[in-house]
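J.: What follows is a single structure, and I will ask about it in a moment.
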Amino acid sequence: MRKIIKKGFVLAAAAVLLTGCGESITPLTESEEATIIQYSAGTLAKHNSFQQEGLTAMYPEEDEAEQEETEEMEEPEKEEPKKEAKEEKNQKPEDKKGEKDQAGQAESVGQSTFTEALAVPGIEFSYKDYSIASSYSQGDYFSLEASAGKVFLLLNINITNTGDAAAECNLLSKKPKFVLKLNEGAGVSNQITILTNDVSTYARTLEAGQTEAGILLFEVPETAVENISSIQLTLEMDGKTTEIKMN
């Protein structure tokens, strides 16, 4: 289209130069020819619907394509993901710990004695010793056999009313969970039983000065009890995890 317009300018100029009433052509200077061509170009531009500025022709399709390209180039870069990643990187360890606690994980509160951890008013709990057995029974109504390749490790716990009056000890309502580690190995949760002396389900009233022998029952691999060098016990209760002192 640009070539057609330029050719039109030349033809228009030629027509001006060749017009006359049979008279000879008057020669023009270069300056005069340039003036005639510029005037003709301006006249054609007024009647050219696609002409917008000077001699630069731009069609609607080209205009839309260039506009879209310009908008794409000017579109701002998305920085949100980088910002979030930066905030996560700068997050303090204390904040992350708080998020874990809010997600339902038990909060660690360090070491405590049995009595401090279970917190039953007027009742004292003390670790006595442990024993190992392939089965455990209580009277004629309860008997439990260990699985193949495993044995029971029983922690013997004394439960004592240290007050001057009867005191209720209801651990069943607190739903305590104990985890045992032997030789710093993997943790094993206690067996929850209907035994009357099971500390995890204990719910009785003790008279003043009365002591009962309670137990915590764990099923562990036979190989784990061949040479016990350390025993670790933790209590999970009321959303808190407490390490129990075993001495």
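Residues in the structure tokens are named by chain (A, B, ... in the order shown) and by number from 1 within that chain; ligands are numbered from 1 in the order shown.
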Can you list, as a list in words, every protein, DNA or RNA residue that comes within 8 Å of region 230-237 of chain A when you count only C-alpha atoms, leaving out same-chain residues fewer than 5 positions away?
T.: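 Counting only C-alpha atoms, the residues come to Ala106, Ala117, Lys174, Lys175, Pro176, Lys177, Phe178, Val179, Leu180, Lys181, Leu182, Asn183, Glu184, Thr242, Glu243, Ile244, Lys245 and Met246 of chain A.
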J.: How would the residues just picked look written out with C-alpha atoms as a CSV table (one decimal), in the first residue's frame?
T.:
chain,number,residue,atom,x,y,z
A,106,ALA,CA,2.1,-31.9,71.8
A,117,ALA,CA,3.7,-34.9,85.4
A,174,LYS,CA,-7.0,-37.6,81.7
A,175,LYS,CA,-6.2,-40.3,79.1
A,176,PRO,CA,-2.4,-40.3,79.6
A,177,LYS,CA,-0.3,-41.9,76.9
A,178,PHE,CA,3.2,-43.2,77.8
A,179,VAL,CA,6.0,-43.9,75.3
A,180,LEU,CA,9.0,-46.1,76.3
A,181,LYS,CA,12.4,-46.1,74.7
A,182,LEU,CA,15.0,-48.8,75.5
A,183,ASN,CA,18.7,-48.0,74.8
A,184,GLU,CA,17.6,-44.8,73.0
A,242,THR,CA,6.9,-34.5,79.4
A,243,GLU,CA,10.0,-36.6,79.9
A,244,ILE,CA,9.7,-38.6,83.2
A,245,LYS,CA,12.6,-38.9,85.5
A,246,MET,CA,13.2,-42.6,86.2
J.: Quick one: residues within 8 Å of region 206-215 of chain A, only C-alpha atoms counted, chain neighbours fewer than 4 positions away excluded, as a ChimeraX atom specification?
T.: /A:154-169,197-199
J.: From the list A:Leu171, A:Ala146, A:Leu153, A:Ala133, which residue is nearest Asn190 (chain A) when using only C-alpha atoms?
T.: A:Leu153
J.: Separation of CA of Thr196 (chain A) and CA of Leu216 (chain A), in Å?
T.: 11.5 Å
J.: For Ile123 (chain A), which of A:Asn247, A:Thr205, A:Glu219, A:Ser135 is the closest residue, counting only C-alpha atoms?
T.: A:Thr205
J.: Could you check how far CA of Ile132 (chain A) sits from CA of Ser189 (chain A), in Å to one decimal?
T.: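 A separation of 16.1 Å between them.
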J.: Excluding Ile194 (chain A) and residues on its chain fewer than 6 positions from it, collect all residues at most 9 Å away from it, counting only C-alpha atoms, and give them as a PyMOL selection string.
T.: chain A and resi 142+201-202
J.: Between CA of Pro221 (chain A) and CA of Lys150 (chain A), what distance in Å does the model show, to one decimal?
T.: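 Atom-to-atom, CA of Pro221 (chain A) and CA of Lys150 (chain A) are spaced 4.3 Å apart.
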